[in-house]
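Undergrad: Pasting a structure here, questions to come.
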Amino acid sequence: MIKERRGLSPIIATVLLVSMAIVLSLIVFLWAKGFIAEKTQKDLGRGPEPIENFCDKIDFSADAVRDDDEVCINNNGNIPIYGAEVRKIGLGSVKNVGVLDTTLTKGAGGCFNFDFSDSSININSGDEIVVVPIILGENEEYKKSYTCDEDFGNIIKVI
């Protein structure tokens, strides 16, 4: 007598294949989600826009006084400045030397103490620094700061 061998039924095989495809696609999606950054946006009443679009609309001026160890910033525009990065321009390089962390609303300004004589910074009179604005945006979950490119910063000579 020959025994009849039976495999899986076509319905069970189909269910298993579909479930494996769903699990694999879920794994790939969660893995790829880590590489794709959420868009940070800013809304000034005209609807949310990508935060990068606001960097060229920031209008501010900055000065640095070596003897007083101060960097002064004035916000001349309508976009609040959440802070600023100070970078020293050297021979063929730009070095991040500090962050000023205060909010400057429309028309506001302020001077911030900055230790120019720190050995890791070592900024002297006549050196050039660039002050790069930091603005605040939000994504779906939380508020997030965004540092603009150096192209939108103010290059100033330390006096």
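Lettering and numbering for the structure tokens are positional, with chains as A, B, ... in the shown order, residues counted from 1 in each chain, and ligands counted from 1 in the shown order.
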Any chance you could list, as a CSV table (one decimal) with C-alpha atoms, in the first residue's frame, the residues in segment 4-156 of chain A that come up strand (DSSP E or B) when DSSP is run on the backbone?
TA:
chain,number,residue,atom,x,y,z
A,41,GLN,CA,8.9,73.3,10.1
A,42,LYS,CA,8.2,76.9,11.2
A,49,GLU,CA,7.0,75.8,5.8
A,50,PRO,CA,10.4,73.9,6.0
A,60,PHE,CA,20.4,90.6,12.3
A,61,SER,CA,23.6,92.4,13.1
A,62,ALA,CA,26.5,91.4,15.4
A,63,ASP,CA,29.6,93.0,16.9
A,64,ALA,CA,32.4,91.5,19.0
A,65,VAL,CA,34.6,93.5,21.4
A,70,GLU,CA,31.4,90.3,24.5
A,71,VAL,CA,29.4,89.4,21.4
A,72,CYS,CA,26.5,91.7,20.8
A,73,ILE,CA,23.5,90.7,18.6
A,74,ASN,CA,20.6,92.8,17.4
A,75,ASN,CA,17.5,91.1,15.8
A,81,ILE,CA,16.4,84.1,16.9
A,83,GLY,CA,20.4,81.5,19.8
A,84,ALA,CA,23.6,81.8,17.7
A,85,GLU,CA,26.7,79.8,17.1
A,86,VAL,CA,30.0,81.6,17.1
A,87,ARG,CA,32.7,80.3,14.8
A,88,LYS,CA,36.3,81.4,14.4
A,89,ILE,CA,37.5,81.8,10.8
A,94,VAL,CA,36.1,77.4,10.5
A,95,LYS,CA,36.1,76.3,14.1
A,96,ASN,CA,33.0,76.2,16.3
A,97,VAL,CA,33.9,78.1,19.5
A,98,GLY,CA,30.6,78.5,21.3
A,99,VAL,CA,26.9,78.8,21.4
A,100,LEU,CA,24.9,81.8,22.6
A,104,LEU,CA,16.0,87.5,20.7
A,109,GLY,CA,19.2,92.7,21.2
A,110,GLY,CA,21.8,91.8,23.8
A,111,CYS,CA,25.4,91.3,24.6
A,112,PHE,CA,26.7,88.0,25.8
A,113,ASN,CA,29.9,87.3,27.7
A,128,GLU,CA,37.3,87.3,12.0
A,129,ILE,CA,34.4,85.4,13.5
A,130,VAL,CA,31.1,84.3,12.0
A,131,VAL,CA,27.8,84.5,14.0
A,132,VAL,CA,25.3,82.0,12.7
A,133,PRO,CA,21.7,82.2,13.8
A,134,ILE,CA,19.8,79.4,15.4
A,135,ILE,CA,16.0,79.4,15.0
A,136,LEU,CA,13.3,77.3,16.6
A,137,GLY,CA,11.0,75.0,14.6
A,138,GLU,CA,8.7,72.1,15.3
A,143,LYS,CA,10.1,71.8,19.1
A,144,LYS,CA,13.6,71.6,17.7
A,145,SER,CA,16.4,74.1,17.2
A,146,TYR,CA,17.9,74.5,13.7
A,147,THR,CA,21.2,76.0,13.0
A,154,ASN,CA,27.4,87.6,9.8
A,155,ILE,CA,31.1,87.7,9.4
A,156,ILE,CA,32.5,90.3,11.8
Undergrad: To one decimal place in Å, what is the distance between atom CA of Asn53 of chain A and atom CA of Tyr82 of chain A?
TA: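 So the two atoms, atom CA of Asn53 of chain A and atom CA of Tyr82 of chain A, lie 15.9 Å apart.
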Undergrad: Rounded to one decimal place, report the atom CA of Ile159 of chain A-atom CA of Gly77 of chain A distance in Å.
TA: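 Atom CA of Ile159 of chain A sits 24.9 Å away from atom CA of Gly77 of chain A.
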Undergrad: As a ChimeraX atom specification, please: the residues near Asp56 of chain A (cut-off 10 Å, only C-alpha atoms, same-chain neighbours under 6 positions excluded).
TA: /A:148-149,151-153
Undergrad: How would the residues just chosen look if you wrote them out with C-alpha atoms as a PDB file, in the first residue's frame?
TA:
ATOM      1  CA  CYS A 148      21.340  77.867   9.674  1.00  0.00           C
ATOM      2  CA  ASP A 149      24.220  77.430   7.240  1.00  0.00           C
ATOM      3  CA  ASP A 151      26.089  81.457   4.356  1.00  0.00           C
ATOM      4  CA  PHE A 152      23.369  83.100   6.450  1.00  0.00           C
ATOM      5  CA  GLY A 153      25.728  84.204   9.232  1.00  0.00           C
TER       6      GLY A 153
END
Undergrad: Which one is closest to Gly90 of chain A: A:Asn124, A:Glu52, A:Thr14, A:Ala21? Count only C-alpha atoms.
TA: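 Between A:Asn124, A:Glu52, A:Thr14, A:Ala21, the residue approaching Gly90 of chain A most closely is A:Asn124.
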Undergrad: Could you write out, as a ChimeraX atom specification, all the residues of segment 2-154 of chain A that DSSP marks as helix (DSSP H, G or I)?
TA: /A:10-33,51-57,150-152
Undergrad: Would you mind exporting N, CA and C atoms of the selected residues as an mmCIF file, in the first residue's frame?
TA:
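So the final result, stored in selection.cif, reads:
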data_model
loop_
_atom_site.group_PDB
_atom_site.id
_atom_site.type_symbol
_atom_site.label_atom_id
_atom_site.label_comp_id
_atom_site.auth_asym_id
_atom_site.auth_seq_id
_atom_site.Cartn_x
_atom_site.Cartn_y
_atom_site.Cartn_z
ATOM 1 N N PRO A 10 -3.255 24.993 -0.040
ATOM 2 C CA PRO A 10 -2.938 26.260 -0.704
ATOM 3 C C PRO A 10 -3.367 27.487 0.121
ATOM 4 N N ILE A 11 -4.410 27.393 0.884
ATOM 5 C CA ILE A 11 -4.885 28.530 1.680
ATOM 6 C C ILE A 11 -3.886 28.836 2.796
ATOM 7 N N ILE A 12 -3.423 27.816 3.489
ATOM 8 C CA ILE A 12 -2.456 28.025 4.570
ATOM 9 C C ILE A 12 -1.133 28.545 4.007
ATOM 10 N N ALA A 13 -0.711 28.036 2.887
ATOM 11 C CA ALA A 13 0.527 28.496 2.262
ATOM 12 C C ALA A 13 0.417 29.972 1.872
ATOM 13 N N THR A 14 -0.726 30.367 1.339
ATOM 14 C CA THR A 14 -0.932 31.767 0.958
ATOM 15 C C THR A 14 -0.913 32.671 2.182
ATOM 16 N N VAL A 15 -1.579 32.274 3.243
ATOM 17 C CA VAL A 15 -1.597 33.072 4.476
ATOM 18 C C VAL A 15 -0.183 33.222 5.033
ATOM 19 N N LEU A 16 0.585 32.154 5.035
ATOM 20 C CA LEU A 16 1.958 32.229 5.529
ATOM 21 C C LEU A 16 2.815 33.165 4.678
ATOM 22 N N LEU A 17 2.695 33.085 3.368
ATOM 23 C CA LEU A 17 3.477 33.963 2.493
ATOM 24 C C LEU A 17 3.097 35.429 2.683
ATOM 25 N N VAL A 18 1.808 35.725 2.768
ATOM 26 C CA VAL A 18 1.368 37.120 2.955
ATOM 27 C C VAL A 18 1.849 37.643 4.307
ATOM 28 N N SER A 19 1.748 36.849 5.349
ATOM 29 C CA SER A 19 2.188 37.303 6.675
ATOM 30 C C SER A 19 3.698 37.522 6.712
ATOM 31 N N MET A 20 4.472 36.660 6.037
ATOM 32 C CA MET A 20 5.920 36.877 5.977
ATOM 33 C C MET A 20 6.256 38.155 5.220
ATOM 34 N N ALA A 21 5.530 38.439 4.144
ATOM 35 C CA ALA A 21 5.769 39.663 3.386
ATOM 36 C C ALA A 21 5.453 40.905 4.225
ATOM 37 N N ILE A 22 4.389 40.841 5.003
ATOM 38 C CA ILE A 22 4.022 41.978 5.859
ATOM 39 C C ILE A 22 5.082 42.196 6.936
ATOM 40 N N VAL A 23 5.537 41.142 7.565
ATOM 41 C CA VAL A 23 6.549 41.253 8.616
ATOM 42 C C VAL A 23 7.850 41.804 8.040
ATOM 43 N N LEU A 24 8.282 41.316 6.892
ATOM 44 C CA LEU A 24 9.507 41.812 6.274
ATOM 45 C C LEU A 24 9.391 43.289 5.876
ATOM 46 N N SER A 25 8.262 43.681 5.321
ATOM 47 C CA SER A 25 8.101 45.089 4.940
ATOM 48 C C SER A 25 8.061 45.980 6.170
ATOM 49 N N LEU A 26 7.492 45.519 7.272
ATOM 50 C CA LEU A 26 7.476 46.281 8.523
ATOM 51 C C LEU A 26 8.898 46.447 9.059
ATOM 52 N N ILE A 27 9.689 45.404 8.995
ATOM 53 C CA ILE A 27 11.080 45.483 9.453
ATOM 54 C C ILE A 27 11.863 46.484 8.608
ATOM 55 N N VAL A 28 11.719 46.441 7.296
ATOM 56 C CA VAL A 28 12.416 47.372 6.411
ATOM 57 C C VAL A 28 11.951 48.800 6.669
ATOM 58 N N PHE A 29 10.679 49.011 6.883
ATOM 59 C CA PHE A 29 10.142 50.350 7.149
ATOM 60 C C PHE A 29 10.722 50.923 8.434
ATOM 61 N N LEU A 30 10.729 50.145 9.504
ATOM 62 C CA LEU A 30 11.263 50.639 10.778
ATOM 63 C C LEU A 30 12.766 50.889 10.697
ATOM 64 N N TRP A 31 13.470 50.062 9.955
ATOM 65 C CA TRP A 31 14.897 50.265 9.776
ATOM 66 C C TRP A 31 15.170 51.541 8.987
ATOM 67 N N ALA A 32 14.423 51.775 7.912
ATOM 68 C CA ALA A 32 14.640 52.956 7.065
ATOM 69 C C ALA A 32 14.167 54.239 7.737
ATOM 70 N N LYS A 33 13.225 54.149 8.655
ATOM 71 C CA LYS A 33 12.713 55.344 9.323
ATOM 72 C C LYS A 33 13.819 56.062 10.091
ATOM 73 N N ILE A 51 11.838 74.718 7.710
ATOM 74 C CA ILE A 51 12.560 75.728 8.479
ATOM 75 C C ILE A 51 13.749 76.305 7.703
ATOM 76 N N GLU A 52 14.293 75.538 6.761
ATOM 77 C CA GLU A 52 15.426 76.029 5.974
ATOM 78 C C GLU A 52 15.059 77.283 5.187
ATOM 79 N N ASN A 53 13.781 77.443 4.840
ATOM 80 C CA ASN A 53 13.340 78.593 4.057
ATOM 81 C C ASN A 53 13.406 79.895 4.840
ATOM 82 N N PHE A 54 13.503 79.834 6.155
ATOM 83 C CA PHE A 54 13.480 81.033 6.972
ATOM 84 C C PHE A 54 14.873 81.614 7.210
ATOM 85 N N CYS A 55 15.919 80.858 6.942
ATOM 86 C CA CYS A 55 17.272 81.345 7.220
ATOM 87 C C CYS A 55 17.618 82.590 6.414
ATOM 88 N N ASP A 56 17.198 82.648 5.157
ATOM 89 C CA ASP A 56 17.526 83.827 4.345
ATOM 90 C C ASP A 56 16.656 85.033 4.693
ATOM 91 N N LYS A 57 15.614 84.830 5.504
ATOM 92 C CA LYS A 57 14.735 85.933 5.903
ATOM 93 C C LYS A 57 15.147 86.546 7.246
ATOM 94 N N GLU A 150 26.366 78.535 7.341
ATOM 95 C CA GLU A 150 27.265 79.680 7.506
ATOM 96 C C GLU A 150 26.973 80.798 6.505
ATOM 97 N N ASP A 151 26.404 80.451 5.369
ATOM 98 C CA ASP A 151 26.089 81.457 4.356
ATOM 99 C C ASP A 151 25.131 82.515 4.889
ATOM 100 N N PHE A 152 24.347 82.175 5.896
ATOM 101 C CA PHE A 152 23.369 83.100 6.450
ATOM 102 C C PHE A 152 23.883 83.797 7.708
#
Undergrad: Hey, which of A:Asp59, A:Asp101, A:Glu140, A:Asp68 ends up closest to Phe116 of chain A? Count only C-alpha atoms.
TA: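 Using only C-alpha atoms, the shortest distance to Phe116 of chain A belongs to A:Asp68.
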Undergrad: Using Å and a single decimal, report how far atom CA of Asn78 of chain A sits from atom CA of Asn139 of chain A.
TA: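 Value for the atom CA of Asn139 of chain A-atom CA of Asn78 of chain A distance: 21.1 Å.
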